[in-house]
Structure formats: C-alpha cells, structure tokens
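The structure file input.pdb is reproduced below (PDB, C-alpha atoms, pLDDT in the B column).
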```pdb
ATOM      1  CA  MET Q   1      77.475 178.108 105.770  1.00 45.00           C
ATOM      2  CA  SER Q   2      79.495 179.026 102.730  1.00 56.00           C
ATOM      3  CA  ASP Q   3      79.368 175.685 100.938  1.00 83.00           C
ATOM      4  CA  VAL Q   4      78.436 175.827  97.277  1.00 84.00           C
ATOM      5  CA  ILE Q   5      75.175 174.058  96.445  1.00 84.00           C
ATOM      6  CA  PRO Q   6      75.242 172.355  93.027  1.00 87.00           C
ATOM      7  CA  MET Q   7      71.962 172.620  91.113  1.00 87.00           C
ATOM      8  CA  SER Q   8      70.558 171.965  87.692  1.00 85.00           C
ATOM      9  CA  ARG Q   9      69.050 174.879  85.800  1.00 87.00           C
ATOM     10  CA  SER Q  10      65.545 173.424  86.353  1.00 86.00           C
ATOM     11  CA  GLY Q  11      66.140 173.017  90.100  1.00 87.00           C
ATOM     12  CA  TYR Q  12      67.375 176.601  90.351  1.00 91.00           C
ATOM     13  CA  ASP Q  13      64.375 177.895  88.406  1.00 92.00           C
ATOM     14  CA  LYS Q  14      62.000 175.867  90.583  1.00 91.00           C
ATOM     15  CA  LEU Q  15      63.447 177.327  93.810  1.00 92.00           C
ATOM     16  CA  LYS Q  16      63.439 180.839  92.315  1.00 95.00           C
ATOM     17  CA  ALA Q  17      59.730 180.483  91.408  1.00 96.00           C
ATOM     18  CA  GLU Q  18      58.940 179.150  94.885  1.00 95.00           C
ATOM     19  CA  LEU Q  19      60.711 182.140  96.447  1.00 96.00           C
ATOM     20  CA  ALA Q  20      58.872 184.603  94.203  1.00 97.00           C
ATOM     21  CA  ASN Q  21      55.529 183.020  95.147  1.00 97.00           C
ATOM     22  CA  MET Q  22      56.313 183.244  98.857  1.00 96.00           C
ATOM     23  CA  GLU Q  23      57.368 186.884  98.595  1.00 96.00           C
ATOM     24  CA  SER Q  24      54.674 188.173  96.254  1.00 96.00           C
ATOM     25  CA  VAL Q  25      51.660 185.985  97.098  1.00 96.00           C
ATOM     26  CA  GLU Q  26      51.976 184.273 100.481  1.00 96.00           C
ATOM     27  CA  MET Q  27      53.591 187.099 102.470  1.00 96.00           C
ATOM     28  CA  PRO Q  28      51.028 189.762 101.394  1.00 96.00           C
ATOM     29  CA  LYS Q  29      48.216 187.315 102.272  1.00 95.00           C
ATOM     30  CA  ILE Q  30      49.595 186.909 105.782  1.00 94.00           C
ATOM     31  CA  ALA Q  31      50.120 190.669 106.117  1.00 93.00           C
ATOM     32  CA  GLN Q  32      46.439 191.126 105.249  1.00 94.00           C
ATOM     33  CA  GLN Q  33      45.451 188.560 107.903  1.00 90.00           C
ATOM     34  CA  ILE Q  34      47.534 190.430 110.486  1.00 89.00           C
ATOM     35  CA  ALA Q  35      45.954 193.772 109.539  1.00 89.00           C
ATOM     36  CA  SER Q  36      42.487 192.265 109.714  1.00 87.00           C
ATOM     37  CA  ALA Q  37      43.134 190.673 113.120  1.00 84.00           C
ATOM     38  CA  ARG Q  38      44.721 193.885 114.415  1.00 83.00           C
ATOM     39  CA  SER Q  39      41.581 195.853 113.579  1.00 83.00           C
ATOM     40  CA  GLU Q  40      39.581 193.655 115.949  1.00 78.00           C
ATOM     41  CA  GLY Q  41      40.975 195.356 119.024  1.00 74.00           C
ATOM     42  CA  ASP Q  42      42.859 193.955 122.033  1.00 71.00           C
ATOM     43  CA  LEU Q  43      45.911 192.147 120.639  1.00 72.00           C
ATOM     44  CA  SER Q  44      46.874 190.466 123.909  1.00 72.00           C
ATOM     45  CA  GLU Q  45      43.971 188.012 123.665  1.00 75.00           C
ATOM     46  CA  ASN Q  46      43.622 187.899 119.894  1.00 79.00           C
ATOM     47  CA  ALA Q  47      44.477 184.334 118.790  1.00 84.00           C
ATOM     48  CA  GLU Q  48      44.036 185.144 115.101  1.00 86.00           C
ATOM     49  CA  TYR Q  49      46.604 187.940 115.343  1.00 87.00           C
ATOM     50  CA  HIS Q  50      49.159 185.769 117.174  1.00 87.00           C
ATOM     51  CA  GLY Q  51      48.591 182.868 114.769  1.00 89.00           C
ATOM     52  CA  ALA Q  52      49.103 185.096 111.744  1.00 90.00           C
ATOM     53  CA  ARG Q  53      52.277 186.574 113.259  1.00 91.00           C
ATOM     54  CA  GLU Q  54      53.596 183.057 113.843  1.00 94.00           C
ATOM     55  CA  LEU Q  55      52.819 182.101 110.226  1.00 94.00           C
ATOM     56  CA  GLN Q  56      54.607 185.236 109.076  1.00 95.00           C
ATOM     57  CA  ALA Q  57      57.708 184.334 111.080  1.00 96.00           C
ATOM     58  CA  MET Q  58      57.764 180.763 109.720  1.00 96.00           C
ATOM     59  CA  LEU Q  59      57.311 181.965 106.147  1.00 96.00           C
ATOM     60  CA  GLN Q  60      60.096 184.528 106.591  1.00 96.00           C
ATOM     61  CA  ALA Q  61      62.390 181.756 107.832  1.00 96.00           C
ATOM     62  CA  LYS Q  62      61.612 179.701 104.697  1.00 96.00           C
ATOM     63  CA  ILE Q  63      62.226 182.745 102.503  1.00 96.00           C
ATOM     64  CA  ASN Q  64      65.588 183.336 104.183  1.00 96.00           C
ATOM     65  CA  LEU Q  65      66.546 179.675 103.696  1.00 93.00           C
ATOM     66  CA  LEU Q  66      65.657 179.759  99.997  1.00 93.00           C
ATOM     67  CA  ARG Q  67      67.514 183.043  99.473  1.00 95.00           C
ATOM     68  CA  ASP Q  68      70.586 181.480 101.099  1.00 93.00           C
ATOM     69  CA  LYS Q  69      70.373 178.355  98.912  1.00 89.00           C
ATOM     70  CA  LEU Q  70      70.015 180.429  95.772  1.00 92.00           C
ATOM     71  CA  ALA Q  71      72.881 182.722  96.777  1.00 93.00           C
ATOM     72  CA  ARG Q  72      75.186 179.732  97.322  1.00 90.00           C
ATOM     73  CA  SER Q  73      74.005 177.820  94.248  1.00 90.00           C
ATOM     74  CA  ARG Q  74      76.157 176.866  91.313  1.00 89.00           C
ATOM     75  CA  ILE Q  75      74.470 175.686  88.134  1.00 90.00           C
ATOM     76  CA  VAL Q  76      76.134 172.500  86.923  1.00 85.00           C
ATOM     77  CA  ASP Q  77      76.075 171.312  83.325  1.00 82.00           C
ATOM     78  CA  PRO Q  78      76.213 167.505  83.644  1.00 75.00           C
ATOM     79  CA  SER Q  79      77.457 167.125  80.058  1.00 77.00           C
ATOM     80  CA  THR Q  80      80.837 168.592  81.087  1.00 81.00           C
ATOM     81  CA  LEU Q  81      81.388 165.980  83.821  1.00 81.00           C
ATOM     82  CA  PRO Q  82      83.087 162.556  83.483  1.00 81.00           C
ATOM     83  CA  LYS Q  83      80.838 159.830  82.078  1.00 81.00           C
ATOM     84  CA  ASP Q  84      82.489 156.798  83.687  1.00 86.00           C
ATOM     85  CA  GLU Q  85      82.237 157.759  87.354  1.00 91.00           C
ATOM     86  CA  VAL Q  86      79.585 158.790  89.844  1.00 92.00           C
ATOM     87  CA  VAL Q  87      79.103 162.564  89.557  1.00 91.00           C
ATOM     88  CA  PHE Q  88      76.307 165.123  89.716  1.00 89.00           C
ATOM     89  CA  GLY Q  89      73.373 164.262  87.462  1.00 87.00           C
ATOM     90  CA  VAL Q  90      74.022 160.546  86.934  1.00 91.00           C
ATOM     91  CA  THR Q  91      71.852 157.611  87.857  1.00 92.00           C
ATOM     92  CA  VAL Q  92      73.780 154.909  89.651  1.00 95.00           C
ATOM     93  CA  VAL Q  93      72.577 151.335  90.144  1.00 95.00           C
ATOM     94  CA  VAL Q  94      74.068 149.658  93.200  1.00 94.00           C
ATOM     95  CA  LYS Q  95      73.824 146.262  94.823  1.00 95.00           C
ATOM     96  CA  ASP Q  96      73.355 146.346  98.587  1.00 92.00           C
ATOM     97  CA  LEU Q  97      76.023 143.910  99.793  1.00 92.00           C
ATOM     98  CA  ASP Q  98      74.219 143.253 103.094  1.00 90.00           C
ATOM     99  CA  PHE Q  99      70.795 142.422 101.644  1.00 91.00           C
ATOM    100  CA  GLY Q 100      71.571 141.478  98.038  1.00 90.00           C
ATOM    101  CA  ASP Q 101      68.966 143.755  96.464  1.00 94.00           C
ATOM    102  CA  THR Q 102      69.649 146.453  93.886  1.00 94.00           C
ATOM    103  CA  GLU Q 103      68.803 150.110  94.282  1.00 93.00           C
ATOM    104  CA  GLU Q 104      68.898 153.034  91.904  1.00 94.00           C
ATOM    105  CA  PHE Q 105      69.781 156.614  92.850  1.00 93.00           C
ATOM    106  CA  THR Q 106      69.918 159.752  90.751  1.00 92.00           C
ATOM    107  CA  LEU Q 107      72.204 162.431  92.182  1.00 92.00           C
ATOM    108  CA  VAL Q 108      70.485 165.807  91.911  1.00 90.00           C
ATOM    109  CA  GLY Q 109      70.816 169.294  93.320  1.00 86.00           C
ATOM    110  CA  ALA Q 110      68.545 171.248  95.627  1.00 81.00           C
ATOM    111  CA  GLY Q 111      65.083 171.707  94.190  1.00 81.00           C
ATOM    112  CA  ASP Q 112      65.158 168.475  92.182  1.00 85.00           C
ATOM    113  CA  GLU Q 113      65.154 165.959  95.034  1.00 86.00           C
ATOM    114  CA  ASP Q 114      62.374 163.352  95.134  1.00 89.00           C
ATOM    115  CA  TYR Q 115      63.294 160.702  97.666  1.00 87.00           C
ATOM    116  CA  ASP Q 116      60.307 158.486  96.832  1.00 90.00           C
ATOM    117  CA  ASN Q 117      61.635 158.148  93.272  1.00 91.00           C
ATOM    118  CA  GLY Q 118      65.310 157.710  94.152  1.00 90.00           C
ATOM    119  CA  LYS Q 119      66.389 161.294  93.395  1.00 92.00           C
ATOM    120  CA  ILE Q 120      68.765 162.169  96.222  1.00 92.00           C
ATOM    121  CA  GLN Q 121      70.611 165.417  96.866  1.00 90.00           C
ATOM    122  CA  ILE Q 122      74.254 165.432  95.846  1.00 89.00           C
ATOM    123  CA  THR Q 123      75.065 166.813  99.311  1.00 87.00           C
ATOM    124  CA  SER Q 124      73.544 163.831 101.171  1.00 89.00           C
ATOM    125  CA  PRO Q 125      75.905 161.409 102.965  1.00 91.00           C
ATOM    126  CA  LEU Q 126      74.876 158.578 100.615  1.00 91.00           C
ATOM    127  CA  ALA Q 127      75.589 160.604  97.467  1.00 92.00           C
ATOM    128  CA  GLN Q 128      78.861 161.927  98.892  1.00 92.00           C
ATOM    129  CA  GLY Q 129      79.984 158.349  99.548  1.00 93.00           C
ATOM    130  CA  LEU Q 130      79.265 157.316  95.952  1.00 94.00           C
ATOM    131  CA  ILE Q 131      80.912 160.294  94.216  1.00 93.00           C
ATOM    132  CA  GLY Q 132      84.073 159.529  92.287  1.00 92.00           C
ATOM    133  CA  HIS Q 133      83.584 155.769  92.212  1.00 94.00           C
ATOM    134  CA  LYS Q 134      83.268 153.662  89.063  1.00 93.00           C
ATOM    135  CA  VAL Q 135      81.443 150.514  87.968  1.00 93.00           C
ATOM    136  CA  GLY Q 136      82.721 147.510  89.915  1.00 93.00           C
ATOM    137  CA  HIS Q 137      83.878 149.520  92.917  1.00 94.00           C
ATOM    138  CA  LYS Q 138      82.729 148.399  96.346  1.00 95.00           C
ATOM    139  CA  VAL Q 139      82.045 151.251  98.745  1.00 95.00           C
ATOM    140  CA  GLU Q 140      81.259 151.555 102.425  1.00 94.00           C
ATOM    141  CA  ILE Q 141      79.298 154.647 103.344  1.00 92.00           C
ATOM    142  CA  GLN Q 142      78.647 155.919 106.838  1.00 91.00           C
ATOM    143  CA  VAL Q 143      75.080 157.248 107.021  1.00 86.00           C
ATOM    144  CA  PRO Q 144      73.052 158.295 110.074  1.00 85.00           C
ATOM    145  CA  LYS Q 145      71.549 154.793 110.351  1.00 86.00           C
ATOM    146  CA  GLY Q 146      74.934 153.062 110.231  1.00 89.00           C
ATOM    147  CA  MET Q 147      77.304 151.644 107.625  1.00 92.00           C
ATOM    148  CA  MET Q 148      75.985 150.803 104.146  1.00 92.00           C
ATOM    149  CA  LYS Q 149      77.940 148.600 101.745  1.00 94.00           C
ATOM    150  CA  PHE Q 150      77.348 148.776  98.006  1.00 94.00           C
ATOM    151  CA  GLU Q 151      78.819 147.506  94.777  1.00 94.00           C
ATOM    152  CA  ILE Q 152      78.361 149.871  91.838  1.00 94.00           C
ATOM    153  CA  LEU Q 153      76.738 147.958  88.981  1.00 95.00           C
ATOM    154  CA  GLU Q 154      75.877 150.680  86.485  1.00 93.00           C
ATOM    155  CA  ILE Q 155      76.338 154.401  85.913  1.00 93.00           C
ATOM    156  CA  ARG Q 156      74.204 156.157  83.344  1.00 91.00           C
ATOM    157  CA  ARG Q 157      73.315 159.666  82.387  1.00 84.00           C
ATOM    158  CA  ASP Q 158      69.563 160.053  81.894  1.00 72.00           C
ATOM    159  CA  GLU Q 159      69.263 162.859  79.376  1.00 59.00           C
ATOM    160  CA  GLU Q 160      66.334 165.184  80.042  1.00 46.00           C
TER     161      GLU Q 160
END
```

As structure tokens, how would this structure be written, given the file I've shared?
Amino acid sequence: MSDVIPMSRSGYDKLKAELANMESVEMPKIAQQIASARSEGDLSENAEYHGARELQAMLQAKINLLRDKLARSRIVDPSTLPKDEVVFGVTVVVKDLDFGDTEEFTLVGAGDEDYDNGKIQITSPLAQGLIGHKVGHKVEIQVPKGMMKFEILEIRRDEE
C-alpha cells in the first residue's frame, strides 16, 4: 500500500492526536493490566491476562494502521484546487437519476469523514467517480451495491 492519502490539516492533526493518545495513554494502561494479571500466578488459566494481551494486540494493530495512514498522508490545501469541478474539499449536490432525490456529499480526507453527515472519504468509490466532473455532467459510478447514476447540480467550497 503506497497510495498517497489526501488529508486536510485538521484531519491530519486529529489522527496524530488519536495516535498519541493510543501510544501514551491506552497502551500503558493495557501494559499495567497485563502486569497485574501476570502477578496472579498461573497464566494458562488466567482469563484476565489473555484478555489484556488480546486488547494489546488489537490496539497495536490500530496504532500500526494510523502510523501507516500518517506516513502516506499528503496535506491538501483546497484553495489551490479548481473551483468549477469536483475535487478534494468541495461539497457536491447531486440528483439521483434512479430515484429523483438530491443528495449532498463533501469530499474529505482520512480523519474528517462523517458518513452520517455526508462527509465521505476522497478515496471512496463514490467520491472517485465524482472527481473531475462539473455541474451538469451525468455520471455512472460503480459502487459495491451496484451502479449509481447522478447528475451534478452544484459544486461549492464550504470555507471553514
């Protein structure tokens, strides 16, 4: 996995803070739980010890994932991107050509996604299908659930 991951400065900072918390707060807590459980004797039948070791392994996997994302990240300044086409950081309003309803998506980087509020990752199949298109374009996008057909109604840059 050597793909660059576009991010906003705030998304990068959010992931960096999450990583720091995992490494300096959560991991020492789990290490203390392991030490405490280890002091209770026979490890082969010690459920607390095995549970804490499992938590440690899962947390380490999350830490590794975040480190990888941060290492592959590229901070994008949306103000340097085109204003008349779908690019990182814009909000795009589309009309679903199959159902007739309108939907709004904001294309964001890792750390900023909020699917309940229409903030989708720029690397998602839906966002990738919208990138580069302009108002009035009709697009067909293959997503895991099938083919989606949209007409782009509006592109705007929501300044933070």

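Interatomic distance, atom CA of Q:Ile141 to atom CA of Q:Gly129: 5.3 Å.
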
Neighbours of Q:Ile75 within 10 Å (all atoms listed in the file; same-chain residues fewer than 3 positions away dropped), as an MDAnalysis selection string?
-> chainID Q and resid 4:12 78 109

Computed gap from atom CA of Q:Val93 to atom CA of Q:Ile155 is 6.4 Å

With the file shown as input, list the residues that the PyMOL selection byres ((chain Q and resi 19) around 10) selects, as a CSV table (one decimal) with C-alpha atoms, in the frame of the given file.
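And here is the file that came out, expr38.csv:
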```csv
chain,number,residue,atom,x,y,z
Q,13,ASP,CA,64.4,177.9,88.4
Q,14,LYS,CA,62.0,175.9,90.6
Q,15,LEU,CA,63.4,177.3,93.8
Q,16,LYS,CA,63.4,180.8,92.3
Q,17,ALA,CA,59.7,180.5,91.4
Q,18,GLU,CA,58.9,179.2,94.9
Q,20,ALA,CA,58.9,184.6,94.2
Q,21,ASN,CA,55.5,183.0,95.1
Q,22,MET,CA,56.3,183.2,98.9
Q,23,GLU,CA,57.4,186.9,98.6
Q,24,SER,CA,54.7,188.2,96.3
Q,25,VAL,CA,51.7,186.0,97.1
Q,26,GLU,CA,52.0,184.3,100.5
Q,62,LYS,CA,61.6,179.7,104.7
Q,63,ILE,CA,62.2,182.7,102.5
Q,64,ASN,CA,65.6,183.3,104.2
Q,65,LEU,CA,66.5,179.7,103.7
Q,66,LEU,CA,65.7,179.8,100.0
Q,67,ARG,CA,67.5,183.0,99.5
Q,70,LEU,CA,70.0,180.4,95.8
```

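Separating atom CA of Q:Gly89 from atom CA of Q:Val139 is a distance of 19.3 Å.
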
Q:Glu54 proximity check over Q:Ser39, Q:Ser73, Q:Asn117, Q:Gln33, using only C-alpha atoms: winner is Q:Gln33

>> Could you list, as an NGL selection string, every residue within 7 Å of Q:Phe150, counting all atoms listed in the file and ignoring same-chain residues fewer than 5 positions away?
In response: :Q and (94-97 or 138-140)

- Item | Residues within 12 Å of Q:Pro144, only C-alpha atoms, excluding chain neighbours under 4 positions, as a list in words | Ser124, Pro125, Leu126 and Met148 of chain Q

Atoms kept (C-alpha atoms) for selection, written as a PDB file, in the coordinates of the input:
```pdb
ATOM      1  CA  SER Q 124      73.544 163.831 101.171  1.00 89.00           C
ATOM      2  CA  PRO Q 125      75.905 161.409 102.965  1.00 91.00           C
ATOM      3  CA  LEU Q 126      74.876 158.578 100.615  1.00 91.00           C
ATOM      4  CA  MET Q 148      75.985 150.803 104.146  1.00 92.00           C
TER       5      MET Q 148
END
```

Using all atoms listed in the file, the shortest atom-to-atom distance to Q:Gln60 among Q:Met27, Q:Lys119, Q:Gln142, Q:Ala127 belongs to Q:Met27

Please list, as number ranges by chain, the residues that have an atom at most 8 Å away from (79.8, 168.0, 91.9) in the coordinates of this file, counting only C-alpha atoms.
Q: 6, 76, 87-88, 122

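Distances to Q:Glu104 were evaluated for Q:Gln56, Q:Thr91, Q:Gln128, Q:Gln121 using only C-alpha atoms, and the minimum falls at Q:Thr91.
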
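In terms of minimum interatomic distance to Q:Lys29, Q:Leu59 ranks closest within Q:Val108, Q:Ala47, Q:Leu59, Q:Val92, counting only C-alpha atoms.
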
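With only C-alpha atoms as the basis for measurement, Q:Asp84 is the residue among Q:Asp84, Q:Asp114, Q:Asp98, Q:Glu103 that approaches Q:His133 most closely.
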
Selection under test: the PyMOL selection byres ((chain Q and resi 152) around 6); residues as a ChimeraX atom specification: /Q:94,135-137,151,153-154

Kindly export the residues of the current selection with C-alpha atoms, as an mmCIF file, in the frame of the given file.
```
data_model
loop_
_atom_site.group_PDB
_atom_site.id
_atom_site.type_symbol
_atom_site.label_atom_id
_atom_site.label_comp_id
_atom_site.auth_asym_id
_atom_site.auth_seq_id
_atom_site.Cartn_x
_atom_site.Cartn_y
_atom_site.Cartn_z
ATOM 1 C CA VAL Q 94 74.068 149.658 93.200
ATOM 2 C CA VAL Q 135 81.443 150.514 87.968
ATOM 3 C CA GLY Q 136 82.721 147.510 89.915
ATOM 4 C CA HIS Q 137 83.878 149.520 92.917
ATOM 5 C CA GLU Q 151 78.819 147.506 94.777
ATOM 6 C CA LEU Q 153 76.738 147.958 88.981
ATOM 7 C CA GLU Q 154 75.877 150.680 86.485
#
```

Would you give the centre and edge lengths, in Å to one decimal, of a box along x, y and z around the listed atoms of stretch 82-96 of chain Q, with 4 Å added to each side, as lines of an AutoDock Vina configuration file?
```
center_x = 77.5
center_y = 155.7
center_z = 90.3
size_x = 19.2
size_y = 26.9
size_z = 24.5
```

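Proximity to Q:Arg38 was assessed for Q:Val86, Q:Val143, Q:Ala52, Q:Leu81 counting only C-alpha atoms; the smallest distance is recorded for Q:Ala52.
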